[in-house]
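Peer 1: Got a structure here, written out as structure tokens. Questions coming.
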Amino acid sequence: MTAANGTRATATSTHRPSGLAIRDAGIVTPVLQLDNVTKVYPASPPVHALRGVSLAVHSGELVGIVGPSGSGKTTLLHLMGTLDRPSSGSVRFAGLDVAAMADADLAALRATRIGFVFQQFFLAEHQTILDNVADGLLYAGVRQADRRARAREALDLVDLSSRLRARPTQLSGGQRQRVAIARALVGQPAIVLADEPTGNLDQGTGQAILSLLDQLHDSGVTIVLITHDRRIAERMPRQVEVLDGQITADTPTAPAQREILNASGPAPQATQPPPEGMS
Ligand code: ADP
Ligand code: MG
């Protein structure tokens with residue numbers, strides 16, 4: 001995708017390209033690393049939503065996290081996205097321990113390094129789609145004119161250049177999700193976290209959104225996609241299975257993907273038991 005490369009080239013000239021892994025003494029730091037994370041929601045009795053999850057996501061990966069309803073996927077996404085803090089264990093973003101960061105710093109981290117896509121789109125209905133996407137840069141310290149210019153580029157990536165002035169209510173569900181994806185991408189985040197992004201779409205439209213995510217992955221975007229649908233997860237080069245708040249399987253990264261990862265540094269350390277350890 002030329003537009004994607006163009007967008008990235010612009011970013012490279014001004015600041016550290018957000019998609020690149022951080023190198024330190026030859027070790028590639030994962031974008032995200034969770035170590036023995038638990039989450040207990042206070043209730044009576046307390047809900048043990050995550051029970052010791054360890055997971056590393058490297059730059060350039062497309063990871064599908066799959067599990068049935070109630071298994072802890074959304075909780076996991078919230079912790080990965082620093083929207084919530086774990087009850088125990090650690091979450092590191094680009095090597096930084098999230099627990100040590102103040103709320104304001106976490107908000108800044110989210111605004112500049114993490115893109116979110118949700119099942120319900122969460123668009124502002126009274127604003128044009130251009131402004132919906134431009135607002136993705138509101139807290140990133142980008143001037144308004146530049147916000148709009150970058151929003152145009154992001155909307156071009158999702159093939160919505162012709163609808164810049166439309167309001168979300170004038171768009172189909174698939175188009176709205178494209179807008180949400182553009183908003184997630186506009187800040188050139190280090191990672192995009194998508195929670196059931198096709199959950200509100202019919203099958204054909206959902207497939208188109210998945211193809212778009214594939215294309216974005218091919219152009220270098222790091223994506224974690226959460227789904228309850230095994231058929232969707234099976235499209236992903238790496239699949240992590242969640243059941244009852246625990247990871248029960250983490251497939252090896254597909255060979256083609258591993259080559260790319262190896263080219264950028266040493267092979268990632270396995271954080272989960274090998275398949276024979278599966279329950
Ligand atoms: P999934 O996304 O896989 O459906 P969730 O992470 O949403 O799973 O939920 C995991 C478990 O935690 C479920 O039992 C759910 O009811 C519970 N849960 C989620 N959020 C809360 C909350 N804010 N307070 C109490 N329990 C919650
Ligand atoms: Mg969920």
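In the structure tokens, each chain is lettered A, B, ... as it comes, each chain's residues begin at 1, and ligands are numbered from 1 in order of appearance.
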Around ligand 2, at most 9 Å away and counting only C-alpha atoms and all ligand atoms, which residues are there? Put them as a list in words, please.

Peer 2: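 The residues near ligand 2 are Pro68, Ser69, Gly70, Ser71, Gly72, Lys73, Thr74, Thr75, Leu77, Asp195, Glu196, Ile226, Thr227 and His228 of chain A.
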
Peer 1: Output the selection as an mmCIF file, in the first residue's frame - N, CA and C atoms for each residue.

Peer 2:
data_model
loop_
_atom_site.group_PDB
_atom_site.id
_atom_site.type_symbol
_atom_site.label_atom_id
_atom_site.label_comp_id
_atom_site.auth_asym_id
_atom_site.auth_seq_id
_atom_site.Cartn_x
_atom_site.Cartn_y
_atom_site.Cartn_z
ATOM 1 N N PRO A 68 -14.119 -18.339 24.255
ATOM 2 C CA PRO A 68 -15.578 -18.159 24.356
ATOM 3 C C PRO A 68 -15.932 -16.924 25.166
ATOM 4 N N SER A 69 -17.181 -16.547 25.088
ATOM 5 C CA SER A 69 -17.673 -15.407 25.850
ATOM 6 C C SER A 69 -17.399 -15.626 27.339
ATOM 7 N N GLY A 70 -16.914 -14.596 28.012
ATOM 8 C CA GLY A 70 -16.657 -14.680 29.442
ATOM 9 C C GLY A 70 -15.295 -15.247 29.796
ATOM 10 N N SER A 71 -14.466 -15.569 28.782
ATOM 11 C CA SER A 71 -13.173 -16.200 29.079
ATOM 12 C C SER A 71 -12.114 -15.193 29.533
ATOM 13 N N GLY A 72 -12.386 -13.897 29.360
ATOM 14 C CA GLY A 72 -11.436 -12.894 29.830
ATOM 15 C C GLY A 72 -10.769 -12.086 28.726
ATOM 16 N N LYS A 73 -11.260 -12.207 27.492
ATOM 17 C CA LYS A 73 -10.602 -11.546 26.366
ATOM 18 C C LYS A 73 -10.625 -10.024 26.473
ATOM 19 N N THR A 74 -11.799 -9.479 26.773
ATOM 20 C CA THR A 74 -11.891 -8.018 26.843
ATOM 21 C C THR A 74 -11.079 -7.488 28.020
ATOM 22 N N THR A 75 -11.108 -8.217 29.122
ATOM 23 C CA THR A 75 -10.274 -7.832 30.264
ATOM 24 C C THR A 75 -8.802 -7.789 29.843
ATOM 25 N N LEU A 77 -7.621 -7.359 26.823
ATOM 26 C CA LEU A 77 -7.397 -6.223 25.931
ATOM 27 C C LEU A 77 -7.300 -4.915 26.724
ATOM 28 N N ASP A 195 -11.086 -5.315 19.519
ATOM 29 C CA ASP A 195 -11.928 -6.233 20.299
ATOM 30 C C ASP A 195 -13.192 -6.571 19.509
ATOM 31 N N GLU A 196 -13.239 -7.771 18.968
ATOM 32 C CA GLU A 196 -14.390 -8.245 18.176
ATOM 33 C C GLU A 196 -14.782 -7.209 17.107
ATOM 34 N N ILE A 226 -9.052 -9.603 18.882
ATOM 35 C CA ILE A 226 -9.764 -10.488 19.796
ATOM 36 C C ILE A 226 -11.054 -10.961 19.160
ATOM 37 N N THR A 227 -11.322 -12.248 19.289
ATOM 38 C CA THR A 227 -12.545 -12.786 18.702
ATOM 39 C C THR A 227 -13.017 -14.016 19.474
ATOM 40 N N HIS A 228 -14.332 -14.251 19.429
ATOM 41 C CA HIS A 228 -14.833 -15.509 19.985
ATOM 42 C C HIS A 228 -14.955 -16.536 18.870
#

Peer 1: Hey, which residues come within 12 Å of ligand 1 if we count only C-alpha atoms and all ligand atoms? Could you give them as number ranges by chain?

Peer 2: A: 38-51, 65-80, 83-84, 118-119, 194-196, 199, 225-229, 241-247

Peer 1: Suppose we keep C-alpha atoms; can you now write the selection as an mmCIF file, in the first residue's frame?

Peer 2:
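File again_25.cif, as written:
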data_model
loop_
_atom_site.group_PDB
_atom_site.id
_atom_site.type_symbol
_atom_site.label_atom_id
_atom_site.label_comp_id
_atom_site.auth_asym_id
_atom_site.auth_seq_id
_atom_site.Cartn_x
_atom_site.Cartn_y
_atom_site.Cartn_z
ATOM 1 C CA THR A 38 -4.147 -11.595 37.090
ATOM 2 C CA LYS A 39 -7.322 -9.541 37.264
ATOM 3 C CA VAL A 40 -9.866 -9.926 40.016
ATOM 4 C CA TYR A 41 -13.050 -7.861 39.807
ATOM 5 C CA PRO A 42 -14.481 -7.035 43.209
ATOM 6 C CA ALA A 43 -17.862 -8.709 43.544
ATOM 7 C CA SER A 44 -19.260 -11.288 45.879
ATOM 8 C CA PRO A 45 -17.832 -13.685 45.172
ATOM 9 C CA PRO A 46 -14.880 -11.927 43.418
ATOM 10 C CA VAL A 47 -14.527 -12.615 39.686
ATOM 11 C CA HIS A 48 -11.150 -14.030 38.698
ATOM 12 C CA ALA A 49 -11.219 -12.792 35.106
ATOM 13 C CA LEU A 50 -7.513 -13.424 34.402
ATOM 14 C CA ARG A 51 -5.542 -16.057 36.252
ATOM 15 C CA ILE A 65 -6.768 -13.997 20.693
ATOM 16 C CA VAL A 66 -9.670 -16.431 20.718
ATOM 17 C CA GLY A 67 -11.913 -17.754 23.442
ATOM 18 C CA PRO A 68 -15.578 -18.159 24.356
ATOM 19 C CA SER A 69 -17.673 -15.407 25.850
ATOM 20 C CA GLY A 70 -16.657 -14.680 29.442
ATOM 21 C CA SER A 71 -13.173 -16.200 29.079
ATOM 22 C CA GLY A 72 -11.436 -12.894 29.830
ATOM 23 C CA LYS A 73 -10.602 -11.546 26.366
ATOM 24 C CA THR A 74 -11.891 -8.018 26.843
ATOM 25 C CA THR A 75 -10.274 -7.832 30.264
ATOM 26 C CA LEU A 76 -7.015 -8.873 28.618
ATOM 27 C CA LEU A 77 -7.397 -6.223 25.931
ATOM 28 C CA HIS A 78 -8.075 -3.554 28.553
ATOM 29 C CA LEU A 79 -4.890 -4.495 30.394
ATOM 30 C CA MET A 80 -2.864 -4.605 27.164
ATOM 31 C CA LEU A 83 -7.179 1.039 30.150
ATOM 32 C CA ASP A 84 -7.074 -0.935 33.386
ATOM 33 C CA PHE A 118 -14.158 -1.831 19.264
ATOM 34 C CA GLN A 119 -17.188 -3.789 18.171
ATOM 35 C CA ALA A 194 -9.170 -4.688 18.151
ATOM 36 C CA ASP A 195 -11.928 -6.233 20.299
ATOM 37 C CA GLU A 196 -14.390 -8.245 18.176
ATOM 38 C CA GLY A 199 -18.938 -8.537 15.875
ATOM 39 C CA LEU A 225 -7.380 -9.025 17.265
ATOM 40 C CA ILE A 226 -9.764 -10.488 19.796
ATOM 41 C CA THR A 227 -12.545 -12.786 18.702
ATOM 42 C CA HIS A 228 -14.833 -15.509 19.985
ATOM 43 C CA ASP A 229 -14.926 -16.922 16.443
ATOM 44 C CA GLU A 241 -6.406 -19.348 23.037
ATOM 45 C CA VAL A 242 -7.962 -18.094 26.244
ATOM 46 C CA LEU A 243 -10.197 -20.170 28.483
ATOM 47 C CA ASP A 244 -11.354 -19.291 31.964
ATOM 48 C CA GLY A 245 -8.840 -16.480 32.354
ATOM 49 C CA GLN A 246 -5.848 -18.517 31.251
ATOM 50 C CA ILE A 247 -3.942 -19.031 28.020
#

Peer 1: Based on DSSP run over this structure's backbone, return all residues of stretch 105-208 of chain A in helix (DSSP H, G or I), as a PyMOL selection string.

Peer 2: chain A and resi 105-113+129-140+144-157+161-163+168-170+173-185+203-208

Peer 1: What's around stretch 52-55 of chain A at 7 Å? Count only C-alpha atoms, leave out sequence neighbours fewer than 6 positions away in its own chain, and write the answer as an mmCIF file with N, CA and C atoms, in the first residue's frame.

Peer 2:
data_model
loop_
_atom_site.group_PDB
_atom_site.id
_atom_site.type_symbol
_atom_site.label_atom_id
_atom_site.label_comp_id
_atom_site.auth_asym_id
_atom_site.auth_seq_id
_atom_site.Cartn_x
_atom_site.Cartn_y
_atom_site.Cartn_z
ATOM 1 N N GLN A 33 4.424 -6.831 26.748
ATOM 2 C CA GLN A 33 4.801 -8.046 27.457
ATOM 3 C C GLN A 33 4.011 -8.132 28.756
ATOM 4 N N LEU A 34 3.260 -9.191 28.878
ATOM 5 C CA LEU A 34 2.510 -9.438 30.110
ATOM 6 C C LEU A 34 3.154 -10.608 30.825
ATOM 7 N N ASP A 35 3.409 -10.448 32.118
ATOM 8 C CA ASP A 35 3.993 -11.529 32.898
ATOM 9 C C ASP A 35 3.091 -11.866 34.067
ATOM 10 N N ASN A 36 2.565 -13.083 34.028
ATOM 11 C CA ASN A 36 1.781 -13.628 35.137
ATOM 12 C C ASN A 36 0.702 -12.663 35.640
ATOM 13 N N VAL A 37 -0.025 -12.121 34.687
ATOM 14 C CA VAL A 37 -1.032 -11.102 34.996
ATOM 15 C C VAL A 37 -2.319 -11.750 35.520
ATOM 16 N N THR A 38 -2.821 -11.183 36.609
ATOM 17 C CA THR A 38 -4.147 -11.595 37.090
ATOM 18 C C THR A 38 -5.043 -10.364 37.156
ATOM 19 N N GLN A 246 -7.217 -18.024 31.429
ATOM 20 C CA GLN A 246 -5.848 -18.517 31.251
ATOM 21 C C GLN A 246 -5.584 -18.775 29.778
ATOM 22 N N ILE A 247 -4.310 -18.688 29.386
ATOM 23 C CA ILE A 247 -3.942 -19.031 28.020
ATOM 24 C C ILE A 247 -3.742 -20.541 27.962
ATOM 25 N N THR A 271 6.729 -17.528 25.538
ATOM 26 C CA THR A 271 6.269 -17.156 26.874
ATOM 27 C C THR A 271 5.256 -18.163 27.390
ATOM 28 N N GLN A 272 4.903 -19.119 26.551
ATOM 29 C CA GLN A 272 3.907 -20.104 26.955
ATOM 30 C C GLN A 272 4.485 -21.493 26.814
#

Peer 1: Which residue out of A:Ile191, A:Ala151, A:Ala124, A:Ala145 has the minimum interatomic distance to A:Thr169 when only C-alpha atoms are used?

Peer 2: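 Closest candidate: A:Ala124.
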
Peer 1: I'd like to know which of A:Gln207, A:Ala154, A:Phe93, A:Ala166 is closest to A:Arg113, using only C-alpha atoms.

Peer 2: A:Phe93

Peer 1: Set the distance at 8 Å and use only C-alpha atoms: which residues neighbour A:Met236 once local chain neighbours fewer than 3 positions away are removed? I'd like the list as a PyMOL selection string.

Peer 2: chain A and resi 62-64+232-233+239

Peer 1: Residues within 12 Å of A:Ala107, please, as a VMD selection string. Count only C-alpha atoms; anything in the same chain fewer than 3 positions from it doesn't count.

Peer 2: chain A and resid 81 to 84 98 101 to 104 110 to 114 138 to 140

Peer 1: Kindly give the distance, in Å, that separates atom CA of A:Leu210 and atom CA of A:His126, rounded to a single decimal.

Peer 2: 27.3 Å

Peer 1: Assign secondary structure with DSSP using the backbone only, and return the residues of stretch 62-130 of chain A in strand (DSSP E) as a list in words.

Peer 2: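 Reading the DSSP output for stretch 62-130 of chain A, strand (DSSP E) covers Leu62, Val63, Gly64, Ile65, Val66, Ser88, Gly89, Ser90, Val91, Arg92, Phe93, Leu96, Asp97, Ile114, Gly115, Phe116, Val117 and Phe118 of chain A.
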
Peer 1: Export, as a compact mmCIF listing (two decimals), in the first residue's frame, the selected residues with C-alpha atoms.

Peer 2:
# COMPACT_ATOMS: atom_id res chain seq x y z
CA LEU A 62 -0.80 -10.09 13.81
CA VAL A 63 -2.09 -12.05 16.79
CA GLY A 64 -5.55 -13.51 17.14
CA ILE A 65 -6.77 -14.00 20.69
CA VAL A 66 -9.67 -16.43 20.72
CA SER A 88 -0.99 -8.69 40.13
CA GLY A 89 1.73 -9.39 37.61
CA SER A 90 3.26 -6.91 35.20
CA VAL A 91 2.36 -5.26 31.92
CA ARG A 92 5.21 -3.69 30.01
CA PHE A 93 4.73 -1.49 26.98
CA LEU A 96 8.20 0.25 30.31
CA ASP A 97 6.40 -1.09 33.36
CA ILE A 114 -2.00 2.49 20.99
CA GLY A 115 -4.90 2.35 18.56
CA PHE A 116 -8.21 0.86 19.68
CA VAL A 117 -10.97 -0.65 17.58
CA PHE A 118 -14.16 -1.83 19.26

Peer 1: Please list as a PyMOL selection string every residue within 7 Å of A:Leu130, counting only C-alpha atoms and excluding residues in the same chain fewer than 3 positions away.

Peer 2: chain A and resi 133-134+148+151-152+164-165

Peer 1: Here is a test: counting only C-alpha atoms, which residue of A:Leu171, A:Val179, A:Leu160, A:Val31 is nearest to A:Phe121?

Peer 2: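 Of A:Leu171, A:Val179, A:Leu160, A:Val31, the one nearest A:Phe121 is A:Val179, counting only C-alpha atoms.
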